[in-house]
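First the structure, in the form of structure tokens, and then the observations on it.
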Amino acid sequence: MEVGTATGRAYSRSGMSDTKVAVVLVVLTLVFMVIGMAMIGVASSQQGTIRTQQSQIQSLQSQGSAGAGSQSSNSTAGPFKLTLLIVAAAQWNSTATAPKYWVLTPDGLKSPANISLPAHTLIQLTIVDYDTASPLPSEYGQVSGTVGNVVYVVNGTAAASNFTQASATAVSSLNPETQIGHTFTIPQLGINIPVAANSVEMADFYINQTGTFVWHCEDPCGYGPSGWLGPMSANGWMGGSITVS
Ligand SMILES: [Cu+2]
């Protein structure tokens, strides 16, 4: 406003009438008002853009933390999928083969010697068993430590399947003499999953604590009179550790 007044005085000295000075002042005031409003408009539209970007960043951050949660302990995370493979005849040494567990990953088969699992998270386990049945102590025929204390057995992976169902069937035990070739057992956690021979099997379970635990097959599928030598006592064949964090 001071600028307008000074300009007005300057024009007045140069001989403009009071009316003209007043008109010039009004016009100048209007021009400044329009410029001011335009600037406010630009500023508020920029603020709107910033707000939109902030909310986009926030939603990306929350998506990111949810994604990371599925790999670590987070009670709101989605299921963690673990897929194990049992092959009947992996090369044990230059002359002999033996059954062996593998972890199936997007990068191929990995050793099951050290399996990492998230605590407090639904773990969806799938075991694809290409091996045949062999007798084991009867208590390991019983499913324990899974959701509902059941496993879901799907139609077989081989022609000599013990199961012919087209869809998954929930079972709470398997016949220890005829239906099981291996187990996935974590004794410290009370988890025992007998694996149906020549079948695909699924089980859901939670581990609500952290730590390192031993997992082992309890079907004596190795060498020696007891069946506990060779692969049964070799880390990464029929046993290993599980790190829960
Ligand atoms: Cu085994």
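By order in the structure tokens, chains are A, B, ...; within a chain, residues start at 1; ligands start at 1, following the order shown.
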
Please list as a PDB file with all heavy atoms, in the first residue's frame every residue within 10 Å of stretch 217-229 of chain A, counting only C-alpha atoms and excluding residues in the same chain fewer than 6 positions away.
ATOM      1  N   ALA A  98      20.760 -92.369  -0.851  1.00  0.00           N
ATOM      2  CA  ALA A  98      19.945 -92.348   0.370  1.00  0.00           C
ATOM      3  C   ALA A  98      18.849 -91.300   0.214  1.00  0.00           C
ATOM      4  O   ALA A  98      18.991 -90.346  -0.549  1.00  0.00           O
ATOM      5  CB  ALA A  98      20.827 -92.015   1.580  1.00  0.00           C
ATOM      6  N   PRO A  99      17.736 -91.472   0.945  1.00  0.00           N
ATOM      7  CA  PRO A  99      16.691 -90.449   0.892  1.00  0.00           C
ATOM      8  C   PRO A  99      17.189 -89.148   1.526  1.00  0.00           C
ATOM      9  O   PRO A  99      18.001 -89.166   2.448  1.00  0.00           O
ATOM     10  CB  PRO A  99      15.547 -91.061   1.704  1.00  0.00           C
ATOM     11  CG  PRO A  99      16.181 -92.112   2.554  1.00  0.00           C
ATOM     12  CD  PRO A  99      17.381 -92.601   1.813  1.00  0.00           C
ATOM     13  N   LYS A 100      16.688 -88.040   1.011  1.00  0.00           N
ATOM     14  CA  LYS A 100      17.182 -86.743   1.494  1.00  0.00           C
ATOM     15  C   LYS A 100      16.075 -85.694   1.419  1.00  0.00           C
ATOM     16  O   LYS A 100      15.284 -85.671   0.478  1.00  0.00           O
ATOM     17  CB  LYS A 100      18.359 -86.286   0.616  1.00  0.00           C
ATOM     18  CG  LYS A 100      19.062 -85.015   1.113  1.00  0.00           C
ATOM     19  CD  LYS A 100      20.152 -84.589   0.127  1.00  0.00           C
ATOM     20  CE  LYS A 100      21.038 -83.493   0.710  1.00  0.00           C
ATOM     21  NZ  LYS A 100      20.295 -82.309   1.173  1.00  0.00           N
ATOM     22  N   TYR A 101      16.038 -84.855   2.447  1.00  0.00           N
ATOM     23  CA  TYR A 101      15.160 -83.680   2.443  1.00  0.00           C
ATOM     24  C   TYR A 101      15.832 -82.535   1.688  1.00  0.00           C
ATOM     25  O   TYR A 101      17.049 -82.358   1.758  1.00  0.00           O
ATOM     26  CB  TYR A 101      14.932 -83.195   3.888  1.00  0.00           C
ATOM     27  CG  TYR A 101      13.675 -83.690   4.562  1.00  0.00           C
ATOM     28  CD1 TYR A 101      13.720 -84.770   5.440  1.00  0.00           C
ATOM     29  CD2 TYR A 101      12.455 -83.049   4.364  1.00  0.00           C
ATOM     30  CE1 TYR A 101      12.579 -85.214   6.099  1.00  0.00           C
ATOM     31  CE2 TYR A 101      11.307 -83.484   5.010  1.00  0.00           C
ATOM     32  CZ  TYR A 101      11.372 -84.559   5.879  1.00  0.00           C
ATOM     33  OH  TYR A 101      10.232 -84.986   6.522  1.00  0.00           O
ATOM     34  N   ALA A 133       7.189 -96.107   1.687  1.00  0.00           N
ATOM     35  CA  ALA A 133       6.982 -96.240   3.132  1.00  0.00           C
ATOM     36  C   ALA A 133       7.970 -97.220   3.750  1.00  0.00           C
ATOM     37  O   ALA A 133       8.450 -98.144   3.099  1.00  0.00           O
ATOM     38  CB  ALA A 133       5.548 -96.708   3.397  1.00  0.00           C
ATOM     39  N   SER A 134       8.270 -96.982   5.025  1.00  0.00           N
ATOM     40  CA  SER A 134       9.043 -97.956   5.824  1.00  0.00           C
ATOM     41  C   SER A 134       8.593 -97.817   7.274  1.00  0.00           C
ATOM     42  O   SER A 134       8.298 -96.708   7.725  1.00  0.00           O
ATOM     43  CB  SER A 134      10.552 -97.711   5.669  1.00  0.00           C
ATOM     44  OG  SER A 134      10.874 -96.399   6.059  1.00  0.00           O
ATOM     45  N   PRO A 135       8.506 -98.925   8.015  1.00  0.00           N
ATOM     46  CA  PRO A 135       7.927 -98.886   9.365  1.00  0.00           C
ATOM     47  C   PRO A 135       8.718 -97.981  10.317  1.00  0.00           C
ATOM     48  O   PRO A 135       9.930 -97.827  10.184  1.00  0.00           O
ATOM     49  CB  PRO A 135       8.020-100.349   9.826  1.00  0.00           C
ATOM     50  CG  PRO A 135       8.156-101.149   8.581  1.00  0.00           C
ATOM     51  CD  PRO A 135       8.895-100.281   7.616  1.00  0.00           C
ATOM     52  N   LEU A 136       8.003 -97.389  11.274  1.00  0.00           N
ATOM     53  CA  LEU A 136       8.641 -96.545  12.290  1.00  0.00           C
ATOM     54  C   LEU A 136       7.898 -96.724  13.614  1.00  0.00           C
ATOM     55  O   LEU A 136       6.791 -97.282  13.632  1.00  0.00           O
ATOM     56  CB  LEU A 136       8.660 -95.066  11.856  1.00  0.00           C
ATOM     57  CG  LEU A 136       7.400 -94.206  12.053  1.00  0.00           C
ATOM     58  CD1 LEU A 136       7.716 -92.763  11.812  1.00  0.00           C
ATOM     59  CD2 LEU A 136       6.257 -94.663  11.186  1.00  0.00           C
ATOM     60  N   PRO A 137       8.490 -96.277  14.744  1.00  0.00           N
ATOM     61  CA  PRO A 137       7.796 -96.386  16.033  1.00  0.00           C
ATOM     62  C   PRO A 137       6.398 -95.767  15.933  1.00  0.00           C
ATOM     63  O   PRO A 137       6.237 -94.669  15.398  1.00  0.00           O
ATOM     64  CB  PRO A 137       8.696 -95.595  16.982  1.00  0.00           C
ATOM     65  CG  PRO A 137      10.055 -95.668  16.370  1.00  0.00           C
ATOM     66  CD  PRO A 137       9.829 -95.669  14.879  1.00  0.00           C
ATOM     67  N   SER A 138       5.395 -96.472  16.461  1.00  0.00           N
ATOM     68  CA  SER A 138       4.004 -96.116  16.182  1.00  0.00           C
ATOM     69  C   SER A 138       3.627 -94.712  16.657  1.00  0.00           C
ATOM     70  O   SER A 138       2.762 -94.072  16.062  1.00  0.00           O
ATOM     71  CB  SER A 138       3.071 -97.155  16.808  1.00  0.00           C
ATOM     72  OG  SER A 138       3.271 -97.194  18.210  1.00  0.00           O
ATOM     73  N   GLU A 139       4.300 -94.192  17.738  1.00  0.00           N
ATOM     74  CA  GLU A 139       3.890 -92.860  18.217  1.00  0.00           C
ATOM     75  C   GLU A 139       4.126 -91.774  17.173  1.00  0.00           C
ATOM     76  O   GLU A 139       3.468 -90.735  17.192  1.00  0.00           O
ATOM     77  CB  GLU A 139       4.599 -92.507  19.530  1.00  0.00           C
ATOM     78  CG  GLU A 139       6.105 -92.318  19.434  1.00  0.00           C
ATOM     79  CD  GLU A 139       6.878 -93.550  19.868  1.00  0.00           C
ATOM     80  OE1 GLU A 139       6.420 -94.688  19.602  1.00  0.00           O
ATOM     81  OE2 GLU A 139       7.952 -93.373  20.487  1.00  0.00           O
ATOM     82  N   TYR A 140       5.067 -92.040  16.248  1.00  0.00           N
ATOM     83  CA  TYR A 140       5.350 -91.019  15.229  1.00  0.00           C
ATOM     84  C   TYR A 140       4.376 -91.089  14.051  1.00  0.00           C
ATOM     85  O   TYR A 140       4.520 -90.342  13.088  1.00  0.00           O
ATOM     86  CB  TYR A 140       6.801 -91.122  14.755  1.00  0.00           C
ATOM     87  CG  TYR A 140       7.768 -90.749  15.852  1.00  0.00           C
ATOM     88  CD1 TYR A 140       8.590 -91.704  16.442  1.00  0.00           C
ATOM     89  CD2 TYR A 140       7.841 -89.442  16.318  1.00  0.00           C
ATOM     90  CE1 TYR A 140       9.469 -91.365  17.457  1.00  0.00           C
ATOM     91  CE2 TYR A 140       8.707 -89.087  17.333  1.00  0.00           C
ATOM     92  CZ  TYR A 140       9.520 -90.058  17.899  1.00  0.00           C
ATOM     93  OH  TYR A 140      10.374 -89.713  18.909  1.00  0.00           O
ATOM     94  N   GLY A 141       3.401 -91.978  14.133  1.00  0.00           N
ATOM     95  CA  GLY A 141       2.331 -91.993  13.143  1.00  0.00           C
ATOM     96  C   GLY A 141       1.255 -90.966  13.463  1.00  0.00           C
ATOM     97  O   GLY A 141       0.405 -90.642  12.630  1.00  0.00           O
ATOM     98  N   PRO A 176       1.678 -96.417  10.846  1.00  0.00           N
ATOM     99  CA  PRO A 176       3.146 -96.425  10.971  1.00  0.00           C
ATOM    100  C   PRO A 176       3.804 -97.601  10.271  1.00  0.00           C
ATOM    101  O   PRO A 176       5.012 -97.580  10.025  1.00  0.00           O
ATOM    102  CB  PRO A 176       3.373 -96.483  12.491  1.00  0.00           C
ATOM    103  CG  PRO A 176       2.127 -97.058  13.052  1.00  0.00           C
ATOM    104  CD  PRO A 176       1.010 -96.637  12.132  1.00  0.00           C
ATOM    105  N   ILE A 180       3.991 -94.441   5.977  1.00  0.00           N
ATOM    106  CA  ILE A 180       4.939 -93.356   6.263  1.00  0.00           C
ATOM    107  C   ILE A 180       6.364 -93.757   5.853  1.00  0.00           C
ATOM    108  O   ILE A 180       6.828 -94.850   6.174  1.00  0.00           O
ATOM    109  CB  ILE A 180       4.931 -93.035   7.779  1.00  0.00           C
ATOM    110  CG1 ILE A 180       3.502 -92.710   8.232  1.00  0.00           C
ATOM    111  CG2 ILE A 180       5.880 -91.877   8.084  1.00  0.00           C
ATOM    112  CD1 ILE A 180       3.346 -92.777   9.750  1.00  0.00           C
ATOM    113  N   GLY A 181       7.062 -92.840   5.172  1.00  0.00           N
ATOM    114  CA  GLY A 181       8.462 -93.091   4.846  1.00  0.00           C
ATOM    115  C   GLY A 181       9.396 -92.233   5.689  1.00  0.00           C
ATOM    116  O   GLY A 181      10.532 -92.615   5.963  1.00  0.00           O
ATOM    117  N   HIS A 182       8.907 -91.054   6.079  1.00  0.00           N
ATOM    118  CA  HIS A 182       9.727 -90.105   6.844  1.00  0.00           C
ATOM    119  C   HIS A 182       8.799 -89.255   7.704  1.00  0.00           C
ATOM    120  O   HIS A 182       7.582 -89.235   7.493  1.00  0.00           O
ATOM    121  CB  HIS A 182      10.523 -89.189   5.896  1.00  0.00           C
ATOM    122  CG  HIS A 182      11.349 -89.949   4.903  1.00  0.00           C
ATOM    123  ND1 HIS A 182      12.603 -90.421   5.169  1.00  0.00           N
ATOM    124  CD2 HIS A 182      11.065 -90.354   3.634  1.00  0.00           C
ATOM    125  CE1 HIS A 182      13.076 -91.070   4.123  1.00  0.00           C
ATOM    126  NE2 HIS A 182      12.148 -91.053   3.167  1.00  0.00           N
ATOM    127  N   THR A 183       9.388 -88.552   8.678  1.00  0.00           N
ATOM    128  CA  THR A 183       8.601 -87.567   9.429  1.00  0.00           C
ATOM    129  C   THR A 183       9.367 -86.254   9.448  1.00  0.00           C
ATOM    130  O   THR A 183      10.581 -86.217   9.206  1.00  0.00           O
ATOM    131  CB  THR A 183       8.347 -87.995  10.896  1.00  0.00           C
ATOM    132  OG1 THR A 183       9.565 -87.825  11.656  1.00  0.00           O
ATOM    133  CG2 THR A 183       7.869 -89.435  10.996  1.00  0.00           C
ATOM    134  N   PHE A 184       8.613 -85.187   9.710  1.00  0.00           N
ATOM    135  CA  PHE A 184       9.220 -83.880   9.966  1.00  0.00           C
ATOM    136  C   PHE A 184       8.851 -83.560  11.414  1.00  0.00           C
ATOM    137  O   PHE A 184       7.711 -83.206  11.706  1.00  0.00           O
ATOM    138  CB  PHE A 184       8.677 -82.822   9.003  1.00  0.00           C
ATOM    139  CG  PHE A 184       9.340 -81.481   9.156  1.00  0.00           C
ATOM    140  CD1 PHE A 184      10.635 -81.279   8.678  1.00  0.00           C
ATOM    141  CD2 PHE A 184       8.685 -80.429   9.774  1.00  0.00           C
ATOM    142  CE1 PHE A 184      11.254 -80.039   8.815  1.00  0.00           C
ATOM    143  CE2 PHE A 184       9.295 -79.191   9.919  1.00  0.00           C
ATOM    144  CZ  PHE A 184      10.586 -78.995   9.442  1.00  0.00           C
ATOM    145  N   THR A 185       9.812 -83.752  12.312  1.00  0.00           N
ATOM    146  CA  THR A 185       9.526 -83.709  13.742  1.00  0.00           C
ATOM    147  C   THR A 185      10.413 -82.669  14.429  1.00  0.00           C
ATOM    148  O   THR A 185      11.628 -82.624  14.186  1.00  0.00           O
ATOM    149  CB  THR A 185       9.765 -85.094  14.367  1.00  0.00           C
ATOM    150  OG1 THR A 185       9.000 -86.071  13.642  1.00  0.00           O
ATOM    151  CG2 THR A 185       9.354 -85.124  15.835  1.00  0.00           C
ATOM    152  N   ILE A 186       9.794 -81.808  15.247  1.00  0.00           N
ATOM    153  CA  ILE A 186      10.551 -80.845  16.064  1.00  0.00           C
ATOM    154  C   ILE A 186      10.195 -81.166  17.517  1.00  0.00           C
ATOM    155  O   ILE A 186       9.224 -80.645  18.069  1.00  0.00           O
ATOM    156  CB  ILE A 186      10.181 -79.384  15.718  1.00  0.00           C
ATOM    157  CG1 ILE A 186      10.164 -79.166  14.193  1.00  0.00           C
ATOM    158  CG2 ILE A 186      11.160 -78.406  16.388  1.00  0.00           C
ATOM    159  CD1 ILE A 186       9.604 -77.821  13.761  1.00  0.00           C
ATOM    160  N   PRO A 187      10.959 -82.088  18.141  1.00  0.00           N
ATOM    161  CA  PRO A 187      10.565 -82.610  19.456  1.00  0.00           C
ATOM    162  C   PRO A 187      10.338 -81.517  20.497  1.00  0.00           C
ATOM    163  O   PRO A 187       9.344 -81.568  21.240  1.00  0.00           O
ATOM    164  CB  PRO A 187      11.751 -83.505  19.838  1.00  0.00           C
ATOM    165  CG  PRO A 187      12.399 -83.867  18.538  1.00  0.00           C
ATOM    166  CD  PRO A 187      12.208 -82.684  17.650  1.00  0.00           C
ATOM    167  N   ASN A 192       4.980 -83.048  15.433  1.00  0.00           N
ATOM    168  CA  ASN A 192       5.296 -84.298  14.721  1.00  0.00           C
ATOM    169  C   ASN A 192       4.414 -84.395  13.483  1.00  0.00           C
ATOM    170  O   ASN A 192       3.183 -84.454  13.579  1.00  0.00           O
ATOM    171  CB  ASN A 192       5.073 -85.529  15.600  1.00  0.00           C
ATOM    172  CG  ASN A 192       5.463 -86.804  14.855  1.00  0.00           C
ATOM    173  OD1 ASN A 192       6.592 -86.934  14.403  1.00  0.00           O
ATOM    174  ND2 ASN A 192       4.500 -87.710  14.685  1.00  0.00           N
ATOM    175  N   ILE A 193       5.063 -84.406  12.331  1.00  0.00           N
ATOM    176  CA  ILE A 193       4.341 -84.473  11.066  1.00  0.00           C
ATOM    177  C   ILE A 193       4.807 -85.725  10.324  1.00  0.00           C
ATOM    178  O   ILE A 193       5.876 -85.736   9.693  1.00  0.00           O
ATOM    179  CB  ILE A 193       4.597 -83.189  10.235  1.00  0.00           C
ATOM    180  CG1 ILE A 193       4.014 -81.973  10.980  1.00  0.00           C
ATOM    181  CG2 ILE A 193       3.992 -83.319   8.846  1.00  0.00           C
ATOM    182  CD1 ILE A 193       4.405 -80.640  10.405  1.00  0.00           C
ATOM    183  N   PRO A 194       4.028 -86.811  10.440  1.00  0.00           N
ATOM    184  CA  PRO A 194       4.365 -87.997   9.645  1.00  0.00           C
ATOM    185  C   PRO A 194       4.072 -87.693   8.182  1.00  0.00           C
ATOM    186  O   PRO A 194       3.049 -87.087   7.853  1.00  0.00           O
ATOM    187  CB  PRO A 194       3.408 -89.064  10.191  1.00  0.00           C
ATOM    188  CG  PRO A 194       2.282 -88.321  10.814  1.00  0.00           C
ATOM    189  CD  PRO A 194       2.793 -86.966  11.220  1.00  0.00           C
ATOM    190  N   VAL A 195       4.999 -88.077   7.310  1.00  0.00           N
ATOM    191  CA  VAL A 195       4.844 -87.729   5.892  1.00  0.00           C
ATOM    192  C   VAL A 195       4.364 -88.945   5.111  1.00  0.00           C
ATOM    193  O   VAL A 195       5.017 -89.996   5.104  1.00  0.00           O
ATOM    194  CB  VAL A 195       6.182 -87.217   5.318  1.00  0.00           C
ATOM    195  CG1 VAL A 195       5.988 -86.768   3.873  1.00  0.00           C
ATOM    196  CG2 VAL A 195       6.724 -86.066   6.160  1.00  0.00           C
ATOM    197  N   TRP A 237      20.447 -83.859   5.881  1.00  0.00           N
ATOM    198  CA  TRP A 237      19.858 -84.991   5.141  1.00  0.00           C
ATOM    199  C   TRP A 237      18.493 -85.339   5.720  1.00  0.00           C
ATOM    200  O   TRP A 237      17.468 -85.124   5.073  1.00  0.00           O
ATOM    201  CB  TRP A 237      20.794 -86.206   5.164  1.00  0.00           C
ATOM    202  CG  TRP A 237      21.872 -86.085   4.148  1.00  0.00           C
ATOM    203  CD1 TRP A 237      22.937 -85.228   4.179  1.00  0.00           C
ATOM    204  CD2 TRP A 237      21.953 -86.773   2.898  1.00  0.00           C
ATOM    205  NE1 TRP A 237      23.673 -85.355   3.036  1.00  0.00           N
ATOM    206  CE2 TRP A 237      23.114 -86.302   2.238  1.00  0.00           C
ATOM    207  CE3 TRP A 237      21.182 -87.764   2.273  1.00  0.00           C
ATOM    208  CZ2 TRP A 237      23.488 -86.780   0.975  1.00  0.00           C
ATOM    209  CZ3 TRP A 237      21.572 -88.243   1.023  1.00  0.00           C
ATOM    210  CH2 TRP A 237      22.711 -87.747   0.391  1.00  0.00           C
ATOM    211  N   MET A 238      18.479 -85.855   6.915  1.00  0.00           N
ATOM    212  CA  MET A 238      17.219 -86.213   7.581  1.00  0.00           C
ATOM    213  C   MET A 238      17.062 -85.408   8.871  1.00  0.00           C
ATOM    214  O   MET A 238      16.337 -85.826   9.776  1.00  0.00           O
ATOM    215  CB  MET A 238      17.175 -87.719   7.874  1.00  0.00           C
ATOM    216  CG  MET A 238      16.786 -88.538   6.641  1.00  0.00           C
ATOM    217  SD  MET A 238      15.052 -88.311   6.221  1.00  0.00           S
ATOM    218  CE  MET A 238      15.120 -88.231   4.433  1.00  0.00           C
ATOM    219  N   GLY A 239      17.744 -84.310   8.958  1.00  0.00           N
ATOM    220  CA  GLY A 239      17.647 -83.462  10.147  1.00  0.00           C
ATOM    221  C   GLY A 239      18.429 -82.187   9.965  1.00  0.00           C
ATOM    222  O   GLY A 239      19.179 -82.038   8.989  1.00  0.00           O
ATOM    223  N   GLY A 240      18.242 -81.284  10.897  1.00  0.00           N
ATOM    224  CA  GLY A 240      18.938 -80.007  10.849  1.00  0.00           C
ATOM    225  C   GLY A 240      18.434 -79.115  11.959  1.00  0.00           C
ATOM    226  O   GLY A 240      17.798 -79.597  12.912  1.00  0.00           O
TER     227      GLY A 240
END

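Nearest-residue note for A:Tyr130: choosing from A:Ala234, A:Ala88, A:Val171, A:Val154, the minimum distance belongs to A:Ala88, counting only C-alpha atoms.
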
*If you count only C-alpha atoms, which residues fall within 6 Å of stretch 115-123 of chain A, apart from same-chain ones fewer than 6 positions away, as a ChimeraX atom specification?*
/A:72-73,75,79-81,204-209,242-245

*Which is closer to ligand 1 than all the others in A:Thr132, A:Thr95, A:Gln142, A:Thr83, using only C-alpha atoms and all ligand atoms?*
A:Thr132

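Of the listed residues A:Thr97, A:Thr146, A:Thr169, A:Met202, the one whose atoms come nearest to A:Leu82 is A:Met202, with distances taken using only C-alpha atoms.
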
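Counting only C-alpha atoms and all ligand atoms, the residue from A:Gly236, A:Pro231, A:Gly78, A:Gly145 that sits nearest to ligand 1 is A:Pro231.
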
*Based on DSSP run over this structure's backbone, return all residues of stretch 57-232 of chain A in helix (DSSP H, G or I), as a PyMOL selection string.*
chain A and resi 57-69+138-141+147-149+187-189+230-232

Go ahead and write the selection's residues with N, CA, C and O atoms as a compact mmCIF listing (two decimals), in the first residue's frame.
# COMPACT_ATOMS: atom_id res chain seq x y z
N ILE A 57 3.49 -41.96 -0.04
CA ILE A 57 4.69 -42.50 0.62
C ILE A 57 4.28 -43.33 1.83
O ILE A 57 4.80 -44.43 2.07
N GLN A 58 3.29 -42.78 2.61
CA GLN A 58 2.85 -43.52 3.80
C GLN A 58 2.29 -44.89 3.43
O GLN A 58 2.58 -45.89 4.08
N SER A 59 1.47 -44.92 2.35
CA SER A 59 0.88 -46.21 1.99
C SER A 59 1.96 -47.17 1.49
O SER A 59 1.91 -48.36 1.76
N LEU A 60 2.97 -46.62 0.77
CA LEU A 60 4.08 -47.47 0.33
C LEU A 60 4.86 -48.01 1.52
O LEU A 60 5.24 -49.18 1.55
N GLN A 61 5.07 -47.11 2.54
CA GLN A 61 5.81 -47.54 3.73
C GLN A 61 5.06 -48.65 4.45
O GLN A 61 5.66 -49.62 4.89
N SER A 62 3.72 -48.49 4.56
CA SER A 62 2.97 -49.53 5.29
C SER A 62 2.97 -50.84 4.51
O SER A 62 3.06 -51.91 5.08
N GLN A 63 2.92 -50.72 3.15
CA GLN A 63 3.01 -51.95 2.34
C GLN A 63 4.37 -52.60 2.54
O GLN A 63 4.48 -53.81 2.67
N GLY A 64 5.44 -51.76 2.56
CA GLY A 64 6.80 -52.27 2.73
C GLY A 64 6.95 -52.99 4.05
O GLY A 64 7.50 -54.09 4.09
N SER A 65 6.43 -52.41 5.13
CA SER A 65 6.60 -53.05 6.43
C SER A 65 5.78 -54.34 6.52
O SER A 65 6.18 -55.30 7.14
N ALA A 66 4.62 -54.35 5.83
CA ALA A 66 3.83 -55.60 5.81
C ALA A 66 4.60 -56.68 5.07
O ALA A 66 4.62 -57.83 5.49
N GLY A 67 5.26 -56.29 3.95
CA GLY A 67 6.04 -57.27 3.19
C GLY A 67 7.20 -57.81 4.00
O GLY A 67 7.44 -59.00 4.03
N ALA A 68 7.90 -56.90 4.70
CA ALA A 68 9.03 -57.32 5.53
C ALA A 68 8.54 -58.22 6.67
O ALA A 68 9.22 -59.14 7.06
N GLY A 69 7.32 -57.95 7.13
CA GLY A 69 6.77 -58.71 8.25
C GLY A 69 6.63 -60.19 7.94
O GLY A 69 6.76 -61.01 8.84
N SER A 138 5.40 -96.47 16.46
CA SER A 138 4.00 -96.12 16.18
C SER A 138 3.63 -94.71 16.66
O SER A 138 2.76 -94.07 16.06
N GLU A 139 4.30 -94.19 17.74
CA GLU A 139 3.89 -92.86 18.22
C GLU A 139 4.13 -91.77 17.17
O GLU A 139 3.47 -90.73 17.19
N TYR A 140 5.07 -92.04 16.25
CA TYR A 140 5.35 -91.02 15.23
C TYR A 140 4.38 -91.09 14.05
O TYR A 140 4.52 -90.34 13.09
N GLY A 141 3.40 -91.98 14.13
CA GLY A 141 2.33 -91.99 13.14
C GLY A 141 1.26 -90.97 13.46
O GLY A 141 0.41 -90.64 12.63
N VAL A 147 -2.13 -77.07 13.30
CA VAL A 147 -3.48 -76.52 13.47
C VAL A 147 -4.48 -77.66 13.30
O VAL A 147 -4.49 -78.34 12.27
N GLY A 148 -5.30 -77.89 14.33
CA GLY A 148 -6.27 -78.99 14.29
C GLY A 148 -5.65 -80.36 14.48
O GLY A 148 -6.36 -81.37 14.38
N ASN A 149 -4.35 -80.40 14.73
CA ASN A 149 -3.63 -81.69 14.86
C ASN A 149 -3.88 -82.62 13.68
O ASN A 149 -4.03 -83.83 13.84
N PRO A 187 10.96 -82.09 18.14
CA PRO A 187 10.56 -82.61 19.46
C PRO A 187 10.34 -81.52 20.50
O PRO A 187 9.34 -81.57 21.24
N GLN A 188 11.23 -80.51 20.55
CA GLN A 188 11.13 -79.45 21.56
C GLN A 188 9.83 -78.66 21.47
O GLN A 188 9.39 -78.08 22.45
N LEU A 189 9.24 -78.62 20.26
CA LEU A 189 8.02 -77.84 20.06
C LEU A 189 6.77 -78.72 20.02
O LEU A 189 5.66 -78.24 19.78
N GLY A 230 24.47 -93.08 8.80
CA GLY A 230 24.49 -92.44 7.49
C GLY A 230 23.63 -91.18 7.48
O GLY A 230 23.79 -90.31 8.32
N PRO A 231 22.71 -91.10 6.52
CA PRO A 231 21.92 -89.87 6.35
C PRO A 231 21.09 -89.50 7.59
O PRO A 231 20.79 -88.32 7.79
N MET A 232 20.73 -90.50 8.41
CA MET A 232 19.93 -90.19 9.60
C MET A 232 20.73 -89.41 10.64
O MET A 232 20.16 -88.75 11.50

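Candidate residues A:Thr178, A:Ile191, A:Val143, A:Asp131 were compared for distance to ligand 1, and the nearest is A:Asp131, using only C-alpha atoms and all ligand atoms.
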
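Atom CA of A:Val200 sits 8.3 Å away from atom CA of A:Tyr152.
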
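Nearest to ligand 1 of all the residues A:Ala22, A:Val150, A:Ile86, A:Ala168 is A:Ile86, counting only C-alpha atoms and all ligand atoms.
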